[in-house]
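S.K.: Data: model_12.cif, mmCIF, C-alpha atoms and all ligand atoms.
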```cif
data_coords
#
loop_
_atom_site.group_PDB
_atom_site.id
_atom_site.type_symbol
_atom_site.label_atom_id
_atom_site.label_comp_id
_atom_site.auth_asym_id
_atom_site.auth_seq_id
_atom_site.Cartn_x
_atom_site.Cartn_y
_atom_site.Cartn_z
ATOM 1 C CA MET X 1 -59.160 -4.328 10.529
ATOM 2 C CA SER X 2 -55.407 -3.452 10.788
ATOM 3 C CA THR X 3 -53.865 -1.693 7.778
ATOM 4 C CA ASP X 4 -51.145 -3.457 5.806
ATOM 5 C CA VAL X 5 -47.964 -1.344 6.223
ATOM 6 C CA ILE X 6 -45.600 -4.340 6.206
ATOM 7 C CA PHE X 7 -43.493 -3.138 3.280
ATOM 8 C CA LYS X 8 -43.799 0.589 4.058
ATOM 9 C CA SER X 9 -40.707 0.933 6.222
ATOM 10 C CA GLU X 10 -37.723 2.629 4.493
ATOM 11 C CA THR X 11 -35.395 0.143 6.161
ATOM 12 C CA MET X 12 -37.460 -2.898 5.187
ATOM 13 C CA LYS X 13 -35.269 -5.439 3.422
ATOM 14 C CA SER X 14 -36.820 -7.925 1.083
ATOM 15 C CA THR X 15 -36.876 -11.492 2.347
ATOM 16 C CA ASP X 16 -39.052 -14.345 1.105
ATOM 17 C CA PHE X 17 -42.703 -13.672 1.921
ATOM 18 C CA THR X 18 -44.200 -15.846 4.669
ATOM 19 C CA PHE X 19 -47.610 -15.930 6.318
ATOM 20 C CA ASP X 20 -46.149 -14.999 9.710
ATOM 21 C CA SER X 21 -47.893 -13.206 12.585
ATOM 22 C CA LYS X 22 -47.270 -9.770 11.009
ATOM 23 C CA VAL X 23 -49.115 -10.892 7.857
ATOM 24 C CA VAL X 24 -51.898 -12.656 9.795
ATOM 25 C CA ASN X 25 -52.661 -9.378 11.657
ATOM 26 C CA VAL X 26 -53.126 -7.345 8.459
ATOM 27 C CA PHE X 27 -54.209 -10.124 6.083
ATOM 28 C CA ASP X 28 -57.827 -9.038 5.594
ATOM 29 C CA ASP X 29 -56.743 -5.502 4.644
ATOM 30 C CA MET X 30 -53.839 -6.785 2.503
ATOM 31 C CA VAL X 31 -55.969 -9.148 0.460
ATOM 32 C CA VAL X 32 -58.686 -6.640 -0.523
ATOM 33 C CA ARG X 33 -56.059 -4.028 -1.452
ATOM 34 C CA SER X 34 -53.861 -6.541 -3.330
ATOM 35 C CA VAL X 35 -56.352 -8.764 -5.136
ATOM 36 C CA PRO X 36 -58.798 -7.278 -7.649
ATOM 37 C CA TYR X 37 -62.471 -8.167 -7.199
ATOM 38 C CA TYR X 38 -61.716 -10.231 -4.073
ATOM 39 C CA PRO X 39 -65.198 -9.705 -2.507
ATOM 40 C CA GLU X 40 -66.891 -10.466 -5.835
ATOM 41 C CA PHE X 41 -65.119 -13.780 -6.457
ATOM 42 C CA GLN X 42 -65.701 -14.773 -2.823
ATOM 43 C CA ARG X 43 -69.398 -14.189 -3.535
ATOM 44 C CA MET X 44 -69.109 -16.238 -6.742
ATOM 45 C CA ILE X 45 -67.386 -19.090 -4.887
ATOM 46 C CA ALA X 46 -70.314 -19.181 -2.449
ATOM 47 C CA GLU X 47 -72.837 -19.041 -5.299
ATOM 48 C CA ILE X 48 -71.196 -21.948 -7.143
ATOM 49 C CA ALA X 49 -70.552 -23.966 -3.983
ATOM 50 C CA THR X 50 -74.225 -23.691 -2.998
ATOM 51 C CA ASN X 51 -75.198 -25.663 -6.117
ATOM 52 C CA PHE X 52 -72.753 -28.503 -5.396
ATOM 53 C CA ALA X 53 -72.530 -28.737 -1.597
ATOM 54 C CA LYS X 54 -74.701 -31.748 -0.719
ATOM 55 C CA PRO X 55 -76.358 -32.029 2.729
ATOM 56 C CA ASP X 56 -74.264 -34.022 5.237
ATOM 57 C CA THR X 57 -71.041 -33.616 3.249
ATOM 58 C CA ALA X 58 -68.104 -31.252 3.790
ATOM 59 C CA ILE X 59 -66.653 -28.170 2.102
ATOM 60 C CA TYR X 60 -62.861 -28.095 2.374
ATOM 61 C CA ASP X 61 -61.004 -24.793 2.111
ATOM 62 C CA LEU X 62 -57.314 -25.547 1.534
ATOM 63 C CA GLY X 63 -55.332 -22.469 2.600
ATOM 64 C CA CYS X 64 -58.344 -21.016 4.417
ATOM 65 C CA SER X 65 -56.359 -18.164 6.075
ATOM 66 C CA THR X 66 -58.673 -16.043 8.241
ATOM 67 C CA GLY X 67 -61.849 -17.839 7.098
ATOM 68 C CA THR X 68 -63.345 -15.250 4.723
ATOM 69 C CA THR X 69 -64.629 -17.918 2.322
ATOM 70 C CA PHE X 70 -66.381 -19.806 5.146
ATOM 71 C CA LEU X 71 -68.018 -16.588 6.382
ATOM 72 C CA THR X 72 -69.458 -15.945 2.910
ATOM 73 C CA LEU X 73 -70.515 -19.587 2.552
ATOM 74 C CA ASP X 74 -72.145 -19.785 5.973
ATOM 75 C CA SER X 75 -75.223 -17.727 5.066
ATOM 76 C CA VAL X 76 -75.951 -19.617 1.828
ATOM 77 C CA VAL X 77 -74.995 -23.270 2.326
ATOM 78 C CA ASP X 78 -77.201 -25.934 3.978
ATOM 79 C CA SER X 79 -76.524 -26.054 7.721
ATOM 80 C CA THR X 80 -75.723 -29.800 7.655
ATOM 81 C CA VAL X 81 -72.653 -29.083 5.495
ATOM 82 C CA LYS X 82 -69.485 -29.212 7.574
ATOM 83 C CA PHE X 83 -66.633 -26.722 7.010
ATOM 84 C CA VAL X 84 -63.081 -28.069 7.068
ATOM 85 C CA GLY X 85 -60.288 -25.494 6.924
ATOM 86 C CA VAL X 86 -56.682 -26.453 6.268
ATOM 87 C CA ASP X 87 -53.652 -24.163 6.488
ATOM 88 C CA GLU X 88 -49.988 -24.593 7.305
ATOM 89 C CA SER X 89 -50.141 -21.511 9.537
ATOM 90 C CA GLN X 90 -51.431 -22.207 13.053
ATOM 91 C CA GLU X 91 -51.801 -18.444 13.582
ATOM 92 C CA MET X 92 -54.071 -18.185 10.534
ATOM 93 C CA LEU X 93 -56.224 -21.028 11.876
ATOM 94 C CA GLU X 94 -56.494 -19.351 15.288
ATOM 95 C CA LYS X 95 -57.666 -16.146 13.569
ATOM 96 C CA CYS X 96 -60.052 -18.216 11.435
ATOM 97 C CA ALA X 97 -61.574 -19.927 14.515
ATOM 98 C CA ALA X 98 -61.984 -16.543 16.238
ATOM 99 C CA ASN X 99 -63.642 -15.073 13.108
ATOM 100 C CA LEU X 100 -66.083 -17.981 12.793
ATOM 101 C CA GLU X 101 -66.997 -17.658 16.460
ATOM 102 C CA LYS X 102 -67.264 -13.852 16.325
ATOM 103 C CA ASN X 103 -69.592 -14.097 13.325
ATOM 104 C CA GLY X 104 -71.867 -16.634 14.989
ATOM 105 C CA VAL X 105 -71.077 -19.668 12.833
ATOM 106 C CA THR X 106 -72.809 -22.527 14.649
ATOM 107 C CA ARG X 107 -72.438 -25.362 12.121
ATOM 108 C CA ASN X 108 -69.950 -28.179 12.596
ATOM 109 C CA PHE X 109 -66.433 -27.113 11.589
ATOM 110 C CA ASP X 110 -62.920 -28.436 11.885
ATOM 111 C CA LEU X 111 -59.612 -26.615 11.312
ATOM 112 C CA PHE X 112 -56.264 -28.361 11.024
ATOM 113 C CA THR X 113 -52.699 -27.618 9.999
ATOM 114 C CA ALA X 114 -51.157 -29.420 7.048
ATOM 115 C CA ASP X 115 -48.509 -28.735 4.442
ATOM 116 C CA LEU X 116 -50.160 -28.990 1.029
ATOM 117 C CA ASN X 117 -46.790 -29.925 -0.461
ATOM 118 C CA ARG X 118 -47.489 -33.292 1.177
ATOM 119 C CA GLN X 119 -50.650 -35.367 1.290
ATOM 120 C CA VAL X 120 -53.799 -33.835 2.725
ATOM 121 C CA LEU X 121 -56.620 -36.094 3.853
ATOM 122 C CA ILE X 122 -60.054 -35.198 2.533
ATOM 123 C CA ALA X 123 -63.181 -37.103 3.564
ATOM 124 C CA ASN X 124 -66.776 -36.877 2.313
ATOM 125 C CA ALA X 125 -66.173 -33.601 0.433
ATOM 126 C CA SER X 126 -68.586 -32.272 -2.173
ATOM 127 C CA VAL X 127 -66.622 -29.018 -2.634
ATOM 128 C CA VAL X 128 -62.892 -28.298 -2.333
ATOM 129 C CA VAL X 129 -61.758 -24.664 -2.562
ATOM 130 C CA LEU X 130 -58.201 -23.429 -3.093
ATOM 131 C CA CYS X 131 -58.539 -19.642 -3.235
ATOM 132 C CA LEU X 132 -55.141 -17.986 -3.868
ATOM 133 C CA THR X 133 -53.428 -21.007 -2.321
ATOM 134 C CA LEU X 134 -52.238 -23.373 -5.078
ATOM 135 C CA GLN X 135 -49.913 -20.616 -6.317
ATOM 136 C CA PHE X 136 -47.916 -21.048 -3.069
ATOM 137 C CA VAL X 137 -47.574 -24.842 -3.440
ATOM 138 C CA ARG X 138 -44.258 -25.805 -5.036
ATOM 139 C CA PRO X 139 -44.750 -26.428 -8.789
ATOM 140 C CA LEU X 140 -43.226 -29.882 -8.358
ATOM 141 C CA ASN X 141 -46.069 -30.852 -5.997
ATOM 142 C CA ARG X 142 -49.007 -29.051 -7.629
ATOM 143 C CA ALA X 143 -50.305 -31.654 -10.087
ATOM 144 C CA LYS X 144 -50.012 -34.366 -7.392
ATOM 145 C CA LEU X 145 -52.099 -32.268 -4.991
ATOM 146 C CA ILE X 146 -54.821 -31.660 -7.600
ATOM 147 C CA GLU X 147 -54.891 -35.381 -8.474
ATOM 148 C CA SER X 148 -55.228 -36.288 -4.817
ATOM 149 C CA VAL X 149 -58.097 -33.775 -4.434
ATOM 150 C CA TYR X 150 -59.790 -35.463 -7.412
ATOM 151 C CA ASN X 151 -59.277 -38.946 -5.987
ATOM 152 C CA GLN X 152 -60.696 -38.027 -2.575
ATOM 153 C CA LEU X 153 -63.596 -35.811 -3.718
ATOM 154 C CA ASN X 154 -67.108 -37.319 -3.746
ATOM 155 C CA PRO X 155 -68.405 -38.155 -7.266
ATOM 156 C CA GLY X 156 -70.216 -35.096 -8.646
ATOM 157 C CA GLY X 157 -68.163 -32.832 -6.369
ATOM 158 C CA ILE X 158 -66.281 -29.753 -7.553
ATOM 159 C CA ILE X 159 -62.934 -28.082 -7.193
ATOM 160 C CA ILE X 160 -62.836 -24.265 -7.137
ATOM 161 C CA LEU X 161 -59.487 -22.578 -7.738
ATOM 162 C CA VAL X 162 -58.563 -18.898 -7.766
ATOM 163 C CA GLU X 163 -55.020 -18.091 -8.836
ATOM 164 C CA LYS X 164 -52.729 -15.303 -9.905
ATOM 165 C CA VAL X 165 -51.922 -16.238 -13.509
ATOM 166 C CA LEU X 166 -49.410 -15.478 -16.241
ATOM 167 C CA GLY X 167 -50.601 -14.124 -19.583
ATOM 168 C CA GLU X 168 -50.481 -16.602 -22.450
ATOM 169 C CA SER X 169 -48.167 -14.236 -24.357
ATOM 170 C CA ALA X 170 -45.155 -12.257 -23.100
ATOM 171 C CA GLU X 171 -46.680 -9.127 -24.677
ATOM 172 C CA PHE X 172 -49.897 -9.188 -22.679
ATOM 173 C CA ASN X 173 -48.283 -10.669 -19.599
ATOM 174 C CA ARG X 174 -46.132 -7.539 -19.300
ATOM 175 C CA ARG X 175 -49.117 -5.236 -19.801
ATOM 176 C CA PHE X 176 -51.330 -7.176 -17.367
ATOM 177 C CA ILE X 177 -48.633 -6.856 -14.680
ATOM 178 C CA ASN X 178 -48.455 -3.093 -15.264
ATOM 179 C CA TYR X 179 -52.250 -2.788 -14.990
ATOM 180 C CA TYR X 180 -52.007 -4.819 -11.772
ATOM 181 C CA TYR X 181 -49.426 -2.453 -10.255
ATOM 182 C CA ASP X 182 -51.704 0.453 -11.196
ATOM 183 C CA PHE X 183 -54.477 -1.332 -9.243
ATOM 184 C CA LYS X 184 -52.159 -1.499 -6.215
ATOM 185 C CA ARG X 185 -51.273 2.203 -6.583
ATOM 186 C CA ARG X 186 -54.998 3.029 -6.639
ATOM 187 C CA ASN X 187 -55.245 1.121 -3.364
ATOM 188 C CA ASN X 188 -52.579 3.277 -1.740
ATOM 189 C CA TYR X 189 -49.541 1.065 -1.963
ATOM 190 C CA ASN X 190 -46.497 3.190 -2.803
ATOM 191 C CA GLU X 191 -43.720 2.333 -5.293
ATOM 192 C CA MET X 192 -41.424 1.002 -2.593
ATOM 193 C CA GLU X 193 -44.082 -1.249 -1.056
ATOM 194 C CA ILE X 194 -44.932 -2.624 -4.498
ATOM 195 C CA ALA X 195 -41.272 -3.253 -5.379
ATOM 196 C CA ILE X 196 -40.332 -4.917 -2.076
ATOM 197 C CA LYS X 197 -43.445 -7.115 -2.042
ATOM 198 C CA ARG X 198 -42.752 -8.164 -5.648
ATOM 199 C CA GLU X 199 -39.244 -9.248 -4.688
ATOM 200 C CA ALA X 200 -40.468 -10.995 -1.524
ATOM 201 C CA LEU X 201 -43.004 -13.030 -3.526
ATOM 202 C CA GLU X 202 -40.672 -13.876 -6.394
ATOM 203 C CA ASN X 203 -39.618 -17.365 -5.293
ATOM 204 C CA VAL X 204 -42.691 -18.039 -3.193
ATOM 205 C CA LEU X 205 -45.698 -17.321 -5.420
ATOM 206 C CA VAL X 206 -45.245 -19.074 -8.776
ATOM 207 C CA PRO X 207 -48.144 -18.410 -11.175
ATOM 208 C CA TYR X 208 -49.131 -20.662 -14.074
ATOM 209 C CA LYS X 209 -50.876 -19.636 -17.277
ATOM 210 C CA VAL X 210 -54.670 -20.143 -17.573
ATOM 211 C CA SER X 211 -53.982 -22.941 -20.107
ATOM 212 C CA GLU X 212 -51.582 -24.661 -17.672
ATOM 213 C CA ASN X 213 -54.140 -24.557 -14.856
ATOM 214 C CA ILE X 214 -56.845 -25.981 -17.141
ATOM 215 C CA LYS X 215 -54.470 -28.719 -18.328
ATOM 216 C CA MET X 216 -53.665 -29.608 -14.725
ATOM 217 C CA LEU X 217 -57.409 -30.031 -14.011
ATOM 218 C CA GLU X 218 -57.846 -32.122 -17.179
ATOM 219 C CA ASP X 219 -54.818 -34.291 -16.377
ATOM 220 C CA ALA X 220 -56.326 -34.965 -12.940
ATOM 221 C CA HIS X 221 -59.530 -36.103 -14.779
ATOM 222 C CA PHE X 222 -61.735 -33.174 -13.759
ATOM 223 C CA LYS X 223 -64.521 -32.566 -16.321
ATOM 224 C CA ASN X 224 -66.372 -29.450 -17.568
ATOM 225 C CA ASN X 225 -63.420 -27.283 -16.606
ATOM 226 C CA GLU X 226 -64.202 -23.581 -16.932
ATOM 227 C CA VAL X 227 -62.780 -20.168 -16.156
ATOM 228 C CA PHE X 228 -65.487 -18.528 -14.008
ATOM 229 C CA PHE X 229 -63.553 -15.335 -13.216
ATOM 230 C CA LYS X 230 -60.804 -13.396 -14.982
ATOM 231 C CA TRP X 231 -59.184 -9.980 -14.409
ATOM 232 C CA TYR X 232 -55.865 -9.499 -16.239
ATOM 233 C CA ASN X 233 -53.497 -11.673 -14.181
ATOM 234 C CA PHE X 234 -56.040 -13.292 -11.849
ATOM 235 C CA ALA X 235 -58.385 -16.158 -12.740
ATOM 236 C CA GLY X 236 -60.882 -18.518 -11.135
ATOM 237 C CA PHE X 237 -61.428 -22.102 -12.325
ATOM 238 C CA ILE X 238 -63.996 -24.822 -11.663
ATOM 239 C CA GLY X 239 -64.016 -28.511 -12.539
ATOM 240 C CA ILE X 240 -66.350 -31.398 -11.694
ATOM 241 C CA LYS X 241 -65.548 -34.969 -10.693
HETATM 242 C C1 LIG X 301 -53.337 -15.924 -0.027
HETATM 243 S S1 LIG X 301 -53.692 -16.911 1.310
HETATM 244 C C2 LIG X 301 -55.262 -17.647 0.891
HETATM 245 C C3 LIG X 301 -56.392 -16.730 1.030
HETATM 246 C C4 LIG X 301 -57.717 -17.353 1.434
HETATM 247 N N1 LIG X 301 -57.964 -18.630 0.816
HETATM 248 C C5 LIG X 301 -58.833 -16.381 1.128
HETATM 249 O O1 LIG X 301 -59.704 -16.708 0.316
HETATM 250 O O2 LIG X 301 -58.820 -15.287 1.713
HETATM 251 C C6 LIG X 301 -52.713 -18.347 1.176
HETATM 252 C C7 LIG X 301 -52.844 -19.248 2.382
HETATM 253 O O3 LIG X 301 -52.272 -20.512 2.051
HETATM 254 C C8 LIG X 301 -51.498 -20.953 3.140
HETATM 255 N N2 LIG X 301 -50.447 -21.807 2.581
HETATM 256 C C9 LIG X 301 -49.429 -21.432 1.768
HETATM 257 N N3 LIG X 301 -48.667 -22.502 1.461
HETATM 258 C C10 LIG X 301 -49.237 -23.576 2.087
HETATM 259 C C11 LIG X 301 -48.912 -24.941 2.173
HETATM 260 N N4 LIG X 301 -47.858 -25.452 1.544
HETATM 261 N N5 LIG X 301 -49.703 -25.754 2.914
HETATM 262 C C12 LIG X 301 -50.788 -25.254 3.567
HETATM 263 N N6 LIG X 301 -51.137 -23.950 3.522
HETATM 264 C C13 LIG X 301 -50.378 -23.125 2.798
HETATM 265 C C14 LIG X 301 -50.955 -19.692 3.805
HETATM 266 O O4 LIG X 301 -50.616 -19.911 5.160
HETATM 267 C C15 LIG X 301 -52.115 -18.728 3.613
HETATM 268 O O5 LIG X 301 -52.982 -18.723 4.722
#
```
As structure tokens, please, write out the structure in this file.
Ligand SMILES: C[S@@+](CC[C@H](N)C(=O)[O-])C[C@H]1O[C@@H](n2cnc3c(N)ncnc32)[C@H](O)[C@@H]1O
M.R.:
Amino acid sequence: MSTDVIFKSETMKSTDFTFDSKVVNVFDDMVVRSVPYYPEFQRMIAEIATNFAKPDTAIYDLGCSTGTTFLTLDSVVDSTVKFVGVDESQEMLEKCAANLEKNGVTRNFDLFTADLNRQVLIANASVVVLCLTLQFVRPLNRAKLIESVYNQLNPGGIIILVEKVLGESAEFNRRFINYYYDFKRRNNYNEMEIAIKREALENVLVPYKVSENIKMLEDAHFKNNEVFFKWYNFAGFIGIK
């Protein structure tokens, strides 16, 4: 796994963050060092999905990146369940296909590019996952995307979201962000890397509060909406159709 040193260069200027080839190459290292409890909520996603993924249906992973969620799901989900990965980055999908092959995934799978700011076609899905993806969809398009997931999901199916979130109050939001930067320091990101990445993500990753994410699920008519994971400014949500 290549180490994420993208924002380590002294001469690095901050530009808007994109999932370009530099990021694709270090993504797996970046995500475990930048997202608290990443392996644990991947495990939880698989655990929850196992209960809802019906034989001969599909699990969609919107913003599947390098395919980590599929790799965790593969050992626990019925082999007749098809995996469908969607990402706007062709390079991510190529890495995902290589990872699935390298790890001996033999089930039926399909990977295709799409921009989630527009419509995405979902067919025969019992589970739809958006793990750290919805936060990159423009706020203007977010509710529409969640509604369209609801409309296309099979009855009884679930949506699983993991998002960076804002605190409900300015007081705790500020503290949660500080605790988060301490987490990044513990994972060997230096002050400059943290500062440049923060600036690069500013207009690109737009977090909502927990209450706003729950309201979005409710407005889309999802039921039994719950927070299944929470660490300061990260949260996981589930809802049932
Ligand atoms: C943080 S990564 C997701 C991580 C991945 N789901 C996981 O569990 O490791 C966000 C992904 O969403 C994709 N993405 C961002 N905006 C998108 C959009 N508008 N349409 C489709 N994919 C998008 C990026 O290319 C990237 O691969």
S.K.: Restricting the calculation to only C-alpha atoms and all ligand atoms, which member of X:Asn117, X:Gln135, X:Asn103, X:Asn141 is positioned closest to ligand LIG 301 (chain X)?
M.R.: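 Closest to ligand LIG 301 (chain X), using only C-alpha atoms and all ligand atoms: X:Asn117.
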S.K.: Need to verify the contact set: Val86 in chain X, 12 Å, all atoms listed in the file, exclusion of same-chain residues closer than 4 positions in sequence. Can you return it as number ranges by chain?
M.R.: X: 59-67, 70, 90-94, 96-97, 109-116, 119-122, 128-131, 133
S.K.: Go ahead and save the residues from that selection, with C-alpha atoms, as a PDB file, in the coordinates of the input.
M.R.:
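again-v4.pdb written:
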```pdb
ATOM      1  CA  ILE X  59     -66.653 -28.170   2.102  1.00  0.00           C
ATOM      2  CA  TYR X  60     -62.861 -28.095   2.374  1.00  0.00           C
ATOM      3  CA  ASP X  61     -61.004 -24.793   2.111  1.00  0.00           C
ATOM      4  CA  LEU X  62     -57.314 -25.547   1.534  1.00  0.00           C
ATOM      5  CA  GLY X  63     -55.332 -22.469   2.600  1.00  0.00           C
ATOM      6  CA  CYS X  64     -58.344 -21.016   4.417  1.00  0.00           C
ATOM      7  CA  SER X  65     -56.359 -18.164   6.075  1.00  0.00           C
ATOM      8  CA  THR X  66     -58.673 -16.043   8.241  1.00  0.00           C
ATOM      9  CA  GLY X  67     -61.849 -17.839   7.098  1.00  0.00           C
ATOM     10  CA  PHE X  70     -66.381 -19.806   5.146  1.00  0.00           C
ATOM     11  CA  GLN X  90     -51.431 -22.207  13.053  1.00  0.00           C
ATOM     12  CA  GLU X  91     -51.801 -18.444  13.582  1.00  0.00           C
ATOM     13  CA  MET X  92     -54.071 -18.185  10.534  1.00  0.00           C
ATOM     14  CA  LEU X  93     -56.224 -21.028  11.876  1.00  0.00           C
ATOM     15  CA  GLU X  94     -56.494 -19.351  15.288  1.00  0.00           C
ATOM     16  CA  CYS X  96     -60.052 -18.216  11.435  1.00  0.00           C
ATOM     17  CA  ALA X  97     -61.574 -19.927  14.515  1.00  0.00           C
ATOM     18  CA  PHE X 109     -66.433 -27.113  11.589  1.00  0.00           C
ATOM     19  CA  ASP X 110     -62.920 -28.436  11.885  1.00  0.00           C
ATOM     20  CA  LEU X 111     -59.612 -26.615  11.312  1.00  0.00           C
ATOM     21  CA  PHE X 112     -56.264 -28.361  11.024  1.00  0.00           C
ATOM     22  CA  THR X 113     -52.699 -27.618   9.999  1.00  0.00           C
ATOM     23  CA  ALA X 114     -51.157 -29.420   7.048  1.00  0.00           C
ATOM     24  CA  ASP X 115     -48.509 -28.735   4.442  1.00  0.00           C
ATOM     25  CA  LEU X 116     -50.160 -28.990   1.029  1.00  0.00           C
ATOM     26  CA  GLN X 119     -50.650 -35.367   1.290  1.00  0.00           C
ATOM     27  CA  VAL X 120     -53.799 -33.835   2.725  1.00  0.00           C
ATOM     28  CA  LEU X 121     -56.620 -36.094   3.853  1.00  0.00           C
ATOM     29  CA  ILE X 122     -60.054 -35.198   2.533  1.00  0.00           C
ATOM     30  CA  VAL X 128     -62.892 -28.298  -2.333  1.00  0.00           C
ATOM     31  CA  VAL X 129     -61.758 -24.664  -2.562  1.00  0.00           C
ATOM     32  CA  LEU X 130     -58.201 -23.429  -3.093  1.00  0.00           C
ATOM     33  CA  CYS X 131     -58.539 -19.642  -3.235  1.00  0.00           C
ATOM     34  CA  THR X 133     -53.428 -21.007  -2.321  1.00  0.00           C
TER      35      THR X 133
END
```
S.K.: How big is the axis-aligned box, and where does its centre sit, when it encloses all atoms of ligand LIG 301 (chain X) listed in the file and has 3 Å added on every side, reported in Å to one decimal as JSON?
M.R.:
```
{"center_x": -53.8, "center_y": -20.5, "center_z": 2.6, "size_x": 17.8, "size_y": 16.5, "size_z": 11.2}
```
S.K.: Identify all residues satisfying the PyMOL selection byres (((chain X and resi 32-35) around 9) and not hetatm) in the given file; provide them as a PyMOL selection string.
M.R.: chain X and resi 4+27-31+36-39+164+180+183-184+186-189+234
S.K.: Please determine, counting all atoms listed in the file, which residue among X:Ala200, X:Ala235, X:Ile146, X:Ile194 has the shortest atom-to-atom distance to Asp219 in chain X.
M.R.: X:Ile146
S.K.: At what distance in Å, to one decimal, does CA of Asn190 in chain X lie from CA of Glu163 in chain X?
M.R.: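 Distance between the two atoms: 23.7 Å.
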S.K.: Taking only C-alpha atoms and all ligand atoms into account, which of X:Leu132, X:Met44, X:Ala98, X:Val149 comes nearest ligand LIG 301 (chain X)?
M.R.: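 Result for the nearest residue to ligand LIG 301 (chain X): X:Leu132.
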S.K.: Evaluate the PyMOL selection byres (((chain X and resi 22) around 12) and not hetatm) and record the selected residues as a list in words, following the chain and residue labels used in the document.
M.R.: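 Taken on the displayed file, the PyMOL selection byres (((chain X and resi 22) around 12) and not hetatm) yields the residues Ser2, Thr3, Asp4, Val5, Ile6, Phe7, Phe17, Thr18, Phe19, Asp20, Ser21, Val23, Val24, Asn25, Val26, Phe27, Asp28, Met30, Glu91 and Met92 of chain X.
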S.K.: Pick the closest to ligand LIG 301 (chain X) from X:Val76, X:Val204, X:Ala49, X:Val165: which is it, counting all atoms listed in the file?
M.R.: X:Val204
